[in-house]
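**Q** Starting off with a structure, shown below.
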Amino acid sequence: MRMYDVIEKKRDGRELTESEIQYVIQHYTNGEIPDYQMSALLMAIFIRGMNKKETIALTMAMAESGDQLDLSSIQGKKADKHSTGGVGDKTTLVLSPMLAALGVPVAKMSGRGLGHTGGTIDKLESIPNFSTTLPEHTFIQNVNEMKLALVGQTAHLAPADKKIYGLRDVTATVDNISLIAASIMSKKIAAGADVIVLDVKVGSGAFMKNIEDARKLASLMVEIGNGVGRKTVAVLSDMNQPLGNAVGNALEVIEAVETLKGKGSKEVLKLSTVLASHMLVGVGKAENYENASKSLLETIENKQAIHKFEEFVARQGGDVSYIKDTSKMKLGALTRDLVAKEGGYIQSFQTSEVGVAALLLGGGRETKESEIDLSVGIRLHKKIGDKVEKGERIATLYANEAQRLEAASERMEQAYGMSKEAVEPPKLIKEIIE
Ligand code: URA
């Protein structure tokens with residue numbers, strides 16, 4: 001088999017066989033197929049698409065491209081959650097300690113930022129000394145002893161996805177339903193959880209811009225997950241504006257911690273609770289969503305969730321004093337306020353542009369190798385539907401370089417729309433697909 005022929009076949013819009021897909025994944029993973037040929041194939045897939053059979057073959061080839069995590073030594077049913085990628089999405093940081101506080105084992109592998117979207121692992125690294133890598137036995141031991149461990153995707157787990165993910169990020173081949181479904185489900189299948197809850201983002205900051213595409217992606221992933229014996233549910237949630245008020249790694253950790261302390265964003269708490277309640281019901285620890293949601297919210301009120309988060313940070317080497325007092329978190333030294341030029345209501349966000357502005361500040365990766373600045377980002381003071389007076393602050397940008405601050409401010413100025421009429425905020429939870 002030759003990679004050239006596979007590229008040509010897909011370029012011409014023909015269906016790839018299971019063995020062709022396995023050949024590509026195996027030989028790209030072991031380095032025999034170079035990045036330039038894989039990039040060409042990804043672009044052909046992006047333009048021509050893959051059918052369901054091809055997507056399932058791609059998912060399984062990627063899931064089997066390395067180790068599969070054996071979580072059988074963790075007692076009880078394990079639940080995992082994955083987001084298709086958004087701006088300001090810090091739900092993992094909130095829902096994981098809530099679930100762990102209720103005794104649900106959370107053995108989670110998370111990703112880094114991709115394109116204009118953030119990643120949990122980058123966020124956690126803004127806590128000084130926090131380690132996002134643990135030996136497998138420590139990972140399992142932490143989950144058994146305190147119900148929560150969160151690490152970066154190891155090089156051995158779905159290594160094909162790790163390589164392809166990095167390549168897609170810099171070749172404009174991210175937002176394709178088959179590639180996203182295979183990327184997410186290969187990791188989730190290899191990571192071994194019994195219950196998988198997917199947060200499929202819809203809107204101007206998501207890879208899926210409209211509800212029809214989001215439904216297609218969600219149904220495909222739910223079908224793949226259930227097809228291999230993992231109970232899979234998808235929640236379609238709004239990404240027509242950033243989630244909560246913080247965008248940027250350290251800023252998002254602060255918002256997540258404040259939410260766990262009961263003082264943060266209502267939106268972040270709402271989405272975290274909905275996702276977690278599906279996980280709780282899925283593992284059989286709650287009879288229905290109302291009970292699940294009530295128990296989860298109690299972990300905020302009785303402080304069990306924030307205590308669990310502190311315990312988790314300490315276990316993974318992080319400096320807990322930054323969680324106890326989030327004003328210690330390092331933020332960009334240069335700030336600029338964006339103020340309203342006239343009064344009215346916030347009508348819309350070009351949410352991906354907010355993500356790009358954060359990236360321009362230095363908070364995201366422009367190439368696979370880019371170092372990111374964890375202390376930069378954007379704080380939104382106003383969201384869709386909020387009334388704004390002339391001269392009032394809409395957002396504050398945090399940076400460390402004047403040039404970056406300039407470029408990001410220009411981008412942010414274009415990233416929101418105003419209306420003279422009152423505007424309804426978008427509905428946060430759009431649909432559930434089981
Ligand atoms: N998240 C993933 O893990 N993979 C994608 O392709 C997109 C979002």
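The chains in the structure tokens are called A, B, ... from first to last as shown; in each chain the residues are counted from 1, and the ligands are counted from 1 in the order shown.
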Which residues are near Asn226 in chain A? Cut-off 10 Å, only C-alpha atoms, ignore same chain within fewer than 6 positions. Put them as a PDB file with N, CA and C atoms, in the first residue's frame.

**A**
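Final output, saved to selection08.pdb:
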ATOM      1  N   VAL A 195     -18.672   5.360  31.469  1.00  0.00           N
ATOM      2  CA  VAL A 195     -19.697   6.339  31.094  1.00  0.00           C
ATOM      3  C   VAL A 195     -18.995   7.556  30.481  1.00  0.00           C
ATOM      4  N   ILE A 196     -19.460   7.987  29.331  1.00  0.00           N
ATOM      5  CA  ILE A 196     -18.836   9.140  28.662  1.00  0.00           C
ATOM      6  C   ILE A 196     -19.903  10.219  28.444  1.00  0.00           C
ATOM      7  N   THR A 232     -22.953   6.454  26.525  1.00  0.00           N
ATOM      8  CA  THR A 232     -22.531   7.776  26.049  1.00  0.00           C
ATOM      9  C   THR A 232     -23.721   8.719  25.883  1.00  0.00           C
ATOM     10  N   VAL A 233     -23.588   9.911  26.406  1.00  0.00           N
ATOM     11  CA  VAL A 233     -24.636  10.940  26.328  1.00  0.00           C
ATOM     12  C   VAL A 233     -23.977  12.226  25.826  1.00  0.00           C
ATOM     13  N   GLU A 434     -29.146  11.107  23.775  1.00  0.00           N
ATOM     14  CA  GLU A 434     -28.732   9.908  24.522  1.00  0.00           C
ATOM     15  C   GLU A 434     -28.630   8.720  23.586  1.00  0.00           C
TER      16      GLU A 434
END

**Q** Show me which residues are within 7 Å of ligand 1 counting only C-alpha atoms and all ligand atoms, and format the list as a list in words.

**A**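 Those within range of ligand 1 are Ser83, Thr84, Gly85, Gly111, Tyr165, Val174, Leu179, Ile180, Ala181, Ser183 and Ile184 of chain A.
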
**Q** Could you save the residues just selected, with N, CA and C atoms, as a PDB file, in the first residue's frame?

**A**
ATOM      1  N   SER A  83     -15.213  17.868  26.110  1.00  0.00           N
ATOM      2  CA  SER A  83     -15.860  18.972  25.403  1.00  0.00           C
ATOM      3  C   SER A  83     -15.285  19.054  23.992  1.00  0.00           C
ATOM      4  N   THR A  84     -16.127  19.445  23.054  1.00  0.00           N
ATOM      5  CA  THR A  84     -15.633  19.564  21.676  1.00  0.00           C
ATOM      6  C   THR A  84     -14.791  20.824  21.518  1.00  0.00           C
ATOM      7  N   GLY A  85     -14.693  21.616  22.560  1.00  0.00           N
ATOM      8  CA  GLY A  85     -13.798  22.777  22.506  1.00  0.00           C
ATOM      9  C   GLY A  85     -14.560  24.082  22.441  1.00  0.00           C
ATOM     10  N   GLY A 111      -6.829  17.526  27.507  1.00  0.00           N
ATOM     11  CA  GLY A 111      -5.973  18.003  26.425  1.00  0.00           C
ATOM     12  C   GLY A 111      -5.456  19.409  26.657  1.00  0.00           C
ATOM     13  N   TYR A 165      -3.782  15.586  16.044  1.00  0.00           N
ATOM     14  CA  TYR A 165      -4.358  16.755  16.709  1.00  0.00           C
ATOM     15  C   TYR A 165      -3.431  17.971  16.512  1.00  0.00           C
ATOM     16  N   VAL A 174      -9.208  21.456  11.561  1.00  0.00           N
ATOM     17  CA  VAL A 174      -9.804  21.062  12.844  1.00  0.00           C
ATOM     18  C   VAL A 174     -11.310  20.803  12.721  1.00  0.00           C
ATOM     19  N   LEU A 179     -13.346  14.078  11.721  1.00  0.00           N
ATOM     20  CA  LEU A 179     -12.048  14.191  12.401  1.00  0.00           C
ATOM     21  C   LEU A 179     -12.236  14.499  13.882  1.00  0.00           C
ATOM     22  N   ILE A 180     -13.203  15.331  14.210  1.00  0.00           N
ATOM     23  CA  ILE A 180     -13.446  15.649  15.624  1.00  0.00           C
ATOM     24  C   ILE A 180     -13.993  14.406  16.343  1.00  0.00           C
ATOM     25  N   ALA A 181     -14.976  13.747  15.710  1.00  0.00           N
ATOM     26  CA  ALA A 181     -15.580  12.560  16.352  1.00  0.00           C
ATOM     27  C   ALA A 181     -14.511  11.500  16.601  1.00  0.00           C
ATOM     28  N   SER A 183     -11.242  11.884  16.820  1.00  0.00           N
ATOM     29  CA  SER A 183     -10.261  12.377  17.777  1.00  0.00           C
ATOM     30  C   SER A 183     -10.779  12.201  19.206  1.00  0.00           C
ATOM     31  N   ILE A 184     -11.987  12.669  19.437  1.00  0.00           N
ATOM     32  CA  ILE A 184     -12.537  12.611  20.799  1.00  0.00           C
ATOM     33  C   ILE A 184     -12.811  11.169  21.218  1.00  0.00           C
TER      34      ILE A 184
END

**Q** Considering only C-alpha atoms, return as a PDB file with N, CA and C atoms, in the first residue's frame whatever protein or nucleic-acid residues lie within 12 Å of Ile211 in chain A, sequence-local ones (same chain, fewer than 2 positions apart) excluded.

**A**
ATOM      1  N   VAL A 200     -21.054  19.038  23.619  1.00  0.00           N
ATOM      2  CA  VAL A 200     -20.890  19.450  22.220  1.00  0.00           C
ATOM      3  C   VAL A 200     -21.282  20.934  22.118  1.00  0.00           C
ATOM      4  N   LYS A 201     -20.294  21.751  21.837  1.00  0.00           N
ATOM      5  CA  LYS A 201     -20.524  23.199  21.812  1.00  0.00           C
ATOM      6  C   LYS A 201     -21.105  23.627  20.471  1.00  0.00           C
ATOM      7  N   VAL A 202     -22.030  24.578  20.527  1.00  0.00           N
ATOM      8  CA  VAL A 202     -22.677  25.088  19.317  1.00  0.00           C
ATOM      9  C   VAL A 202     -22.625  26.609  19.310  1.00  0.00           C
ATOM     10  N   GLY A 203     -22.190  27.187  18.207  1.00  0.00           N
ATOM     11  CA  GLY A 203     -22.260  28.638  18.094  1.00  0.00           C
ATOM     12  C   GLY A 203     -20.989  29.256  17.560  1.00  0.00           C
ATOM     13  N   SER A 204     -20.906  30.573  17.692  1.00  0.00           N
ATOM     14  CA  SER A 204     -19.851  31.327  17.014  1.00  0.00           C
ATOM     15  C   SER A 204     -18.444  31.045  17.542  1.00  0.00           C
ATOM     16  N   ALA A 206     -17.611  27.844  18.570  1.00  0.00           N
ATOM     17  CA  ALA A 206     -17.444  26.390  18.548  1.00  0.00           C
ATOM     18  C   ALA A 206     -16.998  25.936  17.169  1.00  0.00           C
ATOM     19  N   PHE A 207     -16.481  24.705  17.110  1.00  0.00           N
ATOM     20  CA  PHE A 207     -16.166  24.155  15.790  1.00  0.00           C
ATOM     21  C   PHE A 207     -17.475  23.930  15.019  1.00  0.00           C
ATOM     22  N   MET A 208     -18.559  23.609  15.747  1.00  0.00           N
ATOM     23  CA  MET A 208     -19.870  23.454  15.112  1.00  0.00           C
ATOM     24  C   MET A 208     -20.642  24.763  15.262  1.00  0.00           C
ATOM     25  N   LYS A 209     -20.901  25.413  14.137  1.00  0.00           N
ATOM     26  CA  LYS A 209     -21.510  26.751  14.207  1.00  0.00           C
ATOM     27  C   LYS A 209     -23.031  26.690  14.311  1.00  0.00           C
ATOM     28  N   ASP A 213     -25.286  20.754  12.551  1.00  0.00           N
ATOM     29  CA  ASP A 213     -23.958  20.113  12.541  1.00  0.00           C
ATOM     30  C   ASP A 213     -23.623  19.552  13.923  1.00  0.00           C
ATOM     31  N   ALA A 214     -23.999  20.310  14.960  1.00  0.00           N
ATOM     32  CA  ALA A 214     -23.709  19.854  16.330  1.00  0.00           C
ATOM     33  C   ALA A 214     -24.462  18.559  16.617  1.00  0.00           C
ATOM     34  N   ARG A 215     -25.711  18.495  16.150  1.00  0.00           N
ATOM     35  CA  ARG A 215     -26.523  17.290  16.346  1.00  0.00           C
ATOM     36  C   ARG A 215     -25.893  16.099  15.626  1.00  0.00           C
ATOM     37  N   LYS A 216     -25.405  16.372  14.405  1.00  0.00           N
ATOM     38  CA  LYS A 216     -24.773  15.310  13.602  1.00  0.00           C
ATOM     39  C   LYS A 216     -23.535  14.773  14.326  1.00  0.00           C
ATOM     40  N   LEU A 217     -22.699  15.707  14.807  1.00  0.00           N
ATOM     41  CA  LEU A 217     -21.472  15.306  15.515  1.00  0.00           C
ATOM     42  C   LEU A 217     -21.828  14.546  16.793  1.00  0.00           C
ATOM     43  N   ALA A 218     -22.807  15.074  17.543  1.00  0.00           N
ATOM     44  CA  ALA A 218     -23.195  14.449  18.813  1.00  0.00           C
ATOM     45  C   ALA A 218     -23.747  13.045  18.569  1.00  0.00           C
ATOM     46  N   SER A 219     -24.639  12.895  17.584  1.00  0.00           N
ATOM     47  CA  SER A 219     -25.246  11.580  17.333  1.00  0.00           C
ATOM     48  C   SER A 219     -24.190  10.573  16.900  1.00  0.00           C
ATOM     49  N   VAL A 235     -24.460  16.467  25.561  1.00  0.00           N
ATOM     50  CA  VAL A 235     -25.198  17.684  25.928  1.00  0.00           C
ATOM     51  C   VAL A 235     -24.785  18.749  24.913  1.00  0.00           C
ATOM     52  N   LEU A 236     -25.753  19.327  24.229  1.00  0.00           N
ATOM     53  CA  LEU A 236     -25.438  20.400  23.278  1.00  0.00           C
ATOM     54  C   LEU A 236     -25.528  21.718  24.037  1.00  0.00           C
ATOM     55  N   SER A 237     -24.424  22.441  24.148  1.00  0.00           N
ATOM     56  CA  SER A 237     -24.449  23.668  24.942  1.00  0.00           C
ATOM     57  C   SER A 237     -23.992  24.884  24.134  1.00  0.00           C
ATOM     58  N   ASP A 238     -24.433  26.038  24.607  1.00  0.00           N
ATOM     59  CA  ASP A 238     -24.221  27.277  23.844  1.00  0.00           C
ATOM     60  C   ASP A 238     -22.774  27.758  23.854  1.00  0.00           C
ATOM     61  N   MET A 239     -22.287  28.140  22.666  1.00  0.00           N
ATOM     62  CA  MET A 239     -20.952  28.769  22.576  1.00  0.00           C
ATOM     63  C   MET A 239     -21.074  30.011  21.673  1.00  0.00           C
ATOM     64  N   ASN A 240     -22.214  30.712  21.819  1.00  0.00           N
ATOM     65  CA  ASN A 240     -22.353  31.974  21.093  1.00  0.00           C
ATOM     66  C   ASN A 240     -21.723  33.124  21.855  1.00  0.00           C
ATOM     67  N   ILE A 429     -28.294  25.483  27.725  1.00  0.00           N
ATOM     68  CA  ILE A 429     -28.379  24.056  27.385  1.00  0.00           C
ATOM     69  C   ILE A 429     -29.377  23.910  26.243  1.00  0.00           C
ATOM     70  N   LYS A 430     -28.923  23.410  25.119  1.00  0.00           N
ATOM     71  CA  LYS A 430     -29.788  23.405  23.946  1.00  0.00           C
ATOM     72  C   LYS A 430     -30.525  22.069  23.769  1.00  0.00           C
ATOM     73  N   GLU A 431     -29.815  20.967  23.941  1.00  0.00           N
ATOM     74  CA  GLU A 431     -30.429  19.656  23.727  1.00  0.00           C
ATOM     75  C   GLU A 431     -29.592  18.600  24.417  1.00  0.00           C
ATOM     76  N   ILE A 432     -30.241  17.452  24.680  1.00  0.00           N
ATOM     77  CA  ILE A 432     -29.493  16.297  25.205  1.00  0.00           C
ATOM     78  C   ILE A 432     -29.703  15.150  24.213  1.00  0.00           C
TER      79      ILE A 432
END

**Q** Give me every strand (DSSP E) residue in range 24-93 of chain A, going by DSSP on the backbone, as an MDAnalysis selection string.

**A** chainID A and resid 79:83

**Q** Per residue of range 44-96 of chain A within 12 Å of range 310-316 of chain A, record the nearest atom pair and its distance in Å to one decimal, counting only C-alpha atoms, with rows in chain order and ascending residue number, as CSV.

**A**
residue,atom,partner,partner_atom,distance
A:Leu93,CA,A:Phe312,CA,10.7
A:Val94,CA,A:Glu310,CA,11.9
A:Ser96,CA,A:Phe312,CA,10.0

**Q** Could those selected residues go to a file with N, CA, C and O atoms, as an mmCIF file, in the first residue's frame?

**A**
data_model
loop_
_atom_site.group_PDB
_atom_site.id
_atom_site.type_symbol
_atom_site.label_atom_id
_atom_site.label_comp_id
_atom_site.auth_asym_id
_atom_site.auth_seq_id
_atom_site.Cartn_x
_atom_site.Cartn_y
_atom_site.Cartn_z
ATOM 1 N N LEU A 93 -12.804 21.648 35.562
ATOM 2 C CA LEU A 93 -12.226 22.029 36.858
ATOM 3 C C LEU A 93 -13.293 22.133 37.947
ATOM 4 O O LEU A 93 -12.985 22.038 39.128
ATOM 5 N N VAL A 94 -14.531 22.340 37.534
ATOM 6 C CA VAL A 94 -15.610 22.493 38.510
ATOM 7 C C VAL A 94 -16.307 21.152 38.766
ATOM 8 O O VAL A 94 -16.530 20.747 39.904
ATOM 9 N N SER A 96 -15.305 18.019 38.179
ATOM 10 C CA SER A 96 -14.519 16.867 38.671
ATOM 11 C C SER A 96 -14.493 16.812 40.201
ATOM 12 O O SER A 96 -14.790 15.761 40.776
#

**Q** Tell me which protein, DNA and RNA residues are within 10 Å of range 417-422 of chain A, counting only C-alpha atoms, leaving out same-chain ones fewer than 4 positions away, and put them as a PyMOL selection string.

**A** chain A and resi 340-350+384-388+413

**Q** Any chance you could export the current selection's N, CA, C and O atoms as a compact mmCIF listing (two decimals), in the first residue's frame?

**A**
# COMPACT_ATOMS: atom_id res chain seq x y z
N ALA A 340 -17.49 50.91 26.29
CA ALA A 340 -18.56 51.09 25.29
C ALA A 340 -18.51 52.50 24.72
O ALA A 340 -18.38 53.47 25.46
N LYS A 341 -18.60 52.58 23.37
CA LYS A 341 -18.57 53.90 22.72
C LYS A 341 -19.92 54.57 22.83
O LYS A 341 -20.05 55.77 22.75
N GLU A 342 -20.96 53.74 22.97
CA GLU A 342 -22.28 54.30 23.25
C GLU A 342 -23.10 53.33 24.09
O GLU A 342 -22.72 52.16 24.20
N GLY A 343 -24.19 53.79 24.62
CA GLY A 343 -25.01 52.93 25.48
C GLY A 343 -25.85 51.96 24.66
O GLY A 343 -26.05 52.16 23.47
N GLY A 344 -26.33 50.92 25.31
CA GLY A 344 -27.18 49.93 24.62
C GLY A 344 -27.09 48.59 25.33
O GLY A 344 -26.84 48.52 26.54
N TYR A 345 -27.29 47.53 24.55
CA TYR A 345 -27.24 46.17 25.10
C TYR A 345 -26.24 45.35 24.28
O TYR A 345 -26.15 45.54 23.07
N ILE A 346 -25.56 44.45 24.94
CA ILE A 346 -24.67 43.55 24.19
C ILE A 346 -25.56 42.58 23.41
O ILE A 346 -26.43 41.91 23.99
N GLN A 347 -25.35 42.56 22.10
CA GLN A 347 -26.22 41.74 21.25
C GLN A 347 -25.58 40.41 20.89
O GLN A 347 -26.25 39.38 20.80
N SER A 348 -24.28 40.42 20.64
CA SER A 348 -23.64 39.19 20.14
C SER A 348 -22.14 39.23 20.41
O SER A 348 -21.57 40.29 20.65
N PHE A 349 -21.55 38.03 20.36
CA PHE A 349 -20.09 37.92 20.35
C PHE A 349 -19.68 37.11 19.14
O PHE A 349 -20.34 36.14 18.80
N GLN A 350 -18.60 37.51 18.52
CA GLN A 350 -17.92 36.64 17.58
C GLN A 350 -16.96 35.87 18.47
O GLN A 350 -15.81 36.27 18.67
N ILE A 384 -24.02 38.74 26.66
CA ILE A 384 -25.18 39.02 25.82
C ILE A 384 -26.43 39.31 26.67
O ILE A 384 -26.74 38.59 27.61
N GLY A 385 -27.11 40.39 26.34
CA GLY A 385 -28.32 40.78 27.06
C GLY A 385 -28.06 41.84 28.12
O GLY A 385 -28.98 42.51 28.58
N ASP A 386 -26.79 42.03 28.51
CA ASP A 386 -26.48 43.02 29.56
C ASP A 386 -26.60 44.44 29.01
O ASP A 386 -26.22 44.72 27.87
N LYS A 387 -27.11 45.32 29.87
CA LYS A 387 -27.22 46.73 29.53
C LYS A 387 -25.86 47.39 29.77
O LYS A 387 -25.19 47.08 30.76
N VAL A 388 -25.48 48.28 28.86
CA VAL A 388 -24.17 48.95 28.98
C VAL A 388 -24.36 50.45 28.82
O VAL A 388 -25.02 50.90 27.86
N GLU A 413 -12.22 44.64 19.81
CA GLU A 413 -13.15 45.73 19.45
C GLU A 413 -14.15 45.25 18.40
O GLU A 413 -15.29 45.70 18.36

**Q** Using only C-alpha atoms, determine which residues lie at most 8 Å from Leu69 in chain A, disregarding the query and same-chain residues fewer than 3 positions distant; provide the list as an NGL selection string.

**A** :A and (157 or 190-192)

**Q** Using only C-alpha atoms, pick whichever of A:Leu275, A:Val197, A:Asn51, A:Ala333 has the shortest atom-to-atom distance to Arg230 in chain A.

**A**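 Counting only C-alpha atoms, the residue closest to Arg230 in chain A is A:Val197.
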
**Q** Find the nearest atom pair between each residue of range 357-409 of chain A and range 120-130 of chain A for residues within 12 Å, count only C-alpha atoms, give distances in Å to one decimal, sort rows by chain and ascending number, and present the table as a tab-separated table.

**A**
residue	atom	partner	partner_atom	distance
A:Gly363	CA	A:Asp122	CA	9.3
A:Gly364	CA	A:Asp122	CA	9.3
A:Arg365	CA	A:Asp122	CA	10.7
A:Glu371	CA	A:Asp122	CA	10.5
A:Ile372	CA	A:Asp122	CA	8.5
A:Asp373	CA	A:Ser126	CA	9.1
A:Leu374	CA	A:Ser126	CA	5.7
A:Ser375	CA	A:Ser126	CA	7.4
A:Val376	CA	A:Ser126	CA	10.5
A:Gly377	CA	A:Lys123	CA	11.5

**Q** Would you work out the distance separating CA of His381 in chain A from CA of Glu252 in chain A, expressed in Å to one decimal?

**A**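 Computed distance, CA of His381 in chain A to CA of Glu252 in chain A, equals 14.1 Å.
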
**Q** Please identify all polymer residues within 10 Å of Thr92 in chain A, counting only C-alpha atoms, omitting same-chain residues fewer than 4 positions from it, and present them as a PyMOL selection string.

**A** chain A and resi 80-83+96-98+108+110+119-120+150+256+272+275-276

**Q** Restricting it to all heavy atoms, dump the selection as a tab-separated table (two decimals), in the first residue's frame.

**A**
chain	number	residue	atom	x	y	z
A	80	ASP	N	-16.34	9.76	32.48
A	80	ASP	CA	-15.42	10.71	31.85
A	80	ASP	C	-16.28	11.73	31.10
A	80	ASP	O	-17.43	11.47	30.75
A	80	ASP	CB	-14.52	9.94	30.89
A	80	ASP	CG	-13.25	10.70	30.54
A	80	ASP	OD1	-13.12	11.88	30.93
A	80	ASP	OD2	-12.38	10.11	29.88
A	81	LYS	N	-15.69	12.88	30.84
A	81	LYS	CA	-16.41	13.94	30.13
A	81	LYS	C	-15.45	14.56	29.13
A	81	LYS	O	-14.25	14.63	29.36
A	81	LYS	CB	-16.91	14.93	31.17
A	81	LYS	CG	-17.37	16.26	30.66
A	81	LYS	CD	-16.36	17.34	30.96
A	81	LYS	CE	-16.56	18.53	30.07
A	81	LYS	NZ	-15.46	19.47	30.13
A	82	HIS	N	-15.99	15.00	28.01
A	82	HIS	CA	-15.12	15.67	27.04
A	82	HIS	C	-15.90	16.77	26.34
A	82	HIS	O	-17.07	16.61	26.03
A	82	HIS	CB	-14.63	14.66	26.00
A	82	HIS	CG	-13.45	15.17	25.24
A	82	HIS	ND1	-12.16	14.91	25.62
A	82	HIS	CD2	-13.36	15.92	24.12
A	82	HIS	CE1	-11.33	15.48	24.77
A	82	HIS	NE2	-12.04	16.11	23.85
A	83	SER	N	-15.21	17.87	26.11
A	83	SER	CA	-15.86	18.97	25.40
A	83	SER	C	-15.29	19.05	23.99
A	83	SER	O	-14.11	18.76	23.78
A	83	SER	CB	-15.57	20.26	26.16
A	83	SER	OG	-15.58	21.35	25.28
A	96	SER	N	-15.31	18.02	38.18
A	96	SER	CA	-14.52	16.87	38.67
A	96	SER	C	-14.49	16.81	40.20
A	96	SER	O	-14.79	15.76	40.78
A	96	SER	CB	-13.09	16.91	38.11
A	96	SER	OG	-13.12	16.92	36.71
A	97	PRO	N	-14.16	17.93	40.90
A	97	PRO	CA	-14.19	17.83	42.37
A	97	PRO	C	-15.60	17.65	42.94
A	97	PRO	O	-15.76	17.03	44.00
A	97	PRO	CB	-13.57	19.15	42.83
A	97	PRO	CG	-13.56	20.05	41.65
A	97	PRO	CD	-13.58	19.19	40.43
A	98	MET	N	-16.62	18.17	42.23
A	98	MET	CA	-18.00	17.96	42.73
A	98	MET	C	-18.31	16.46	42.73
A	98	MET	O	-18.84	15.91	43.69
A	98	MET	CB	-19.02	18.68	41.82
A	98	MET	CG	-19.08	20.19	41.96
A	98	MET	SD	-19.97	20.89	40.54
A	98	MET	CE	-21.56	21.19	41.22
A	108	LYS	N	-9.18	11.23	34.95
A	108	LYS	CA	-9.37	12.00	33.72
A	108	LYS	C	-8.07	12.36	33.02
A	108	LYS	O	-7.12	12.79	33.63
A	108	LYS	CB	-10.16	13.26	34.07
A	108	LYS	CG	-10.66	13.95	32.85
A	108	LYS	CD	-11.91	14.74	33.06
A	108	LYS	CE	-12.17	15.58	31.84
A	108	LYS	NZ	-11.93	14.91	30.56
A	110	SER	N	-6.87	14.94	30.09
A	110	SER	CA	-7.37	16.11	29.37
A	110	SER	C	-6.36	16.58	28.36
A	110	SER	O	-5.20	16.17	28.38
A	110	SER	CB	-7.70	17.23	30.35
A	110	SER	OG	-8.87	16.91	31.06
A	119	GLY	N	-7.50	24.53	26.73
A	119	GLY	CA	-7.44	23.13	27.18
A	119	GLY	C	-7.16	23.08	28.67
A	119	GLY	O	-6.42	23.90	29.22
A	120	THR	N	-7.77	22.08	29.33
A	120	THR	CA	-7.68	21.98	30.80
A	120	THR	C	-6.24	21.87	31.31
A	120	THR	O	-5.90	22.42	32.35
A	120	THR	CB	-8.49	20.75	31.27
A	120	THR	OG1	-9.82	20.92	30.80
A	120	THR	CG2	-8.51	20.60	32.77
A	150	LEU	N	-6.11	14.04	37.50
A	150	LEU	CA	-6.29	14.67	36.19
A	150	LEU	C	-4.92	14.90	35.55
A	150	LEU	O	-4.09	15.61	36.13
A	150	LEU	CB	-7.02	15.99	36.42
A	150	LEU	CG	-8.00	16.44	35.37
A	150	LEU	CD1	-8.94	17.45	35.95
A	150	LEU	CD2	-7.31	16.97	34.16
A	256	ALA	N	-12.94	29.26	37.98
A	256	ALA	CA	-13.39	27.91	38.39
A	256	ALA	C	-13.33	27.79	39.91
A	256	ALA	O	-14.27	27.29	40.55
A	256	ALA	CB	-12.52	26.85	37.74
A	272	SER	N	-21.69	22.91	34.40
A	272	SER	CA	-20.93	21.87	35.11
A	272	SER	C	-21.90	20.90	35.79
A	272	SER	O	-21.69	19.69	35.77
A	272	SER	CB	-20.02	22.50	36.18
A	272	SER	OG	-19.18	23.44	35.60
A	275	LEU	N	-23.71	18.60	33.18
A	275	LEU	CA	-22.82	17.55	32.68
A	275	LEU	C	-22.57	16.50	33.77
A	275	LEU	O	-22.67	15.30	33.54
A	275	LEU	CB	-21.49	18.15	32.23
A	275	LEU	CG	-21.56	19.08	31.02
A	275	LEU	CD1	-20.25	19.86	30.86
A	275	LEU	CD2	-21.86	18.31	29.74
A	276	ALA	N	-22.29	17.00	34.99
A	276	ALA	CA	-21.99	16.08	36.09
A	276	ALA	C	-23.20	15.24	36.46
A	276	ALA	O	-23.06	14.08	36.85
A	276	ALA	CB	-21.48	16.86	37.29

**Q** Could you check which of A:Ile189, A:Ile300, A:Val257, A:Met109 is closest to Ile224 in chain A, using only C-alpha atoms?

**A**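 Ranking A:Ile189, A:Ile300, A:Val257, A:Met109 by distance to Ile224 in chain A, first place goes to A:Ile189.
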
**Q** Can you pull out every residue within 8 Å of Val356 in chain A, counting only C-alpha atoms, but drop anything in the same chain fewer than 2 positions away, and send it as a list in words?

**A**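 With the cut-off at 8 Å, the set is His116, Ser352, Glu353, Val354, Ala358, Leu359, Leu360, Ala408 and Arg411 of chain A.
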
**Q** For those residues, write C-alpha atoms to a file as a JSON list (two decimals), in the first residue's frame.

**A**
[["chain", "number", "residue", "atom", "x", "y", "z"],
["A", 116, "HIS", "CA", -8.74, 29.34, 19.37],
["A", 352, "SER", "CA", -13.95, 32.61, 18.07],
["A", 353, "GLU", "CA", -12.56, 36.16, 17.73],
["A", 354, "VAL", "CA", -12.46, 36.43, 21.53],
["A", 358, "ALA", "CA", -6.62, 35.54, 23.78],
["A", 359, "LEU", "CA", -4.30, 33.69, 21.41],
["A", 360, "LEU", "CA", -2.81, 36.98, 20.18],
["A", 408, "ALA", "CA", -5.61, 41.73, 20.72],
["A", 411, "ARG", "CA", -9.46, 42.15, 17.52]]

**Q** Measuring between only C-alpha atoms, which one of A:Glu64, A:Asp175, A:Glu54, A:Asp194 shows the shortest distance to Glu18 in chain A?

**A** A:Glu54

**Q** Pick out each residue of range 236-321 of chain A that DSSP on the backbone tags as alpha helix (DSSP H); I need them as an NGL selection string.

**A** :A and (249-260 or 266-282 or 289-301 or 304-315 or 321)

**Q** So how many Å separate CA of Gly264 in chain A and CA of Asn249 in chain A, to one decimal?

**A**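 Separation between CA of Gly264 in chain A and CA of Asn249 in chain A: 15.9 Å.
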
**Q** Of the residues A:Ile306, A:Met3, A:Ala160, A:Ile47, which is the one nearest to Gly66 in chain A, using only C-alpha atoms?

**A**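 The answer is A:Ala160, which sits nearest to Gly66 in chain A.
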
**Q** Compare A:Gln68, A:Asn176, A:Thr17, A:Thr154 by their minimum atom-to-atom distance to Phe46 in chain A, counting only C-alpha atoms, and give me the closest one.

**A**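 Comparing A:Gln68, A:Asn176, A:Thr17, A:Thr154 against Phe46 in chain A, the winner is A:Asn176.
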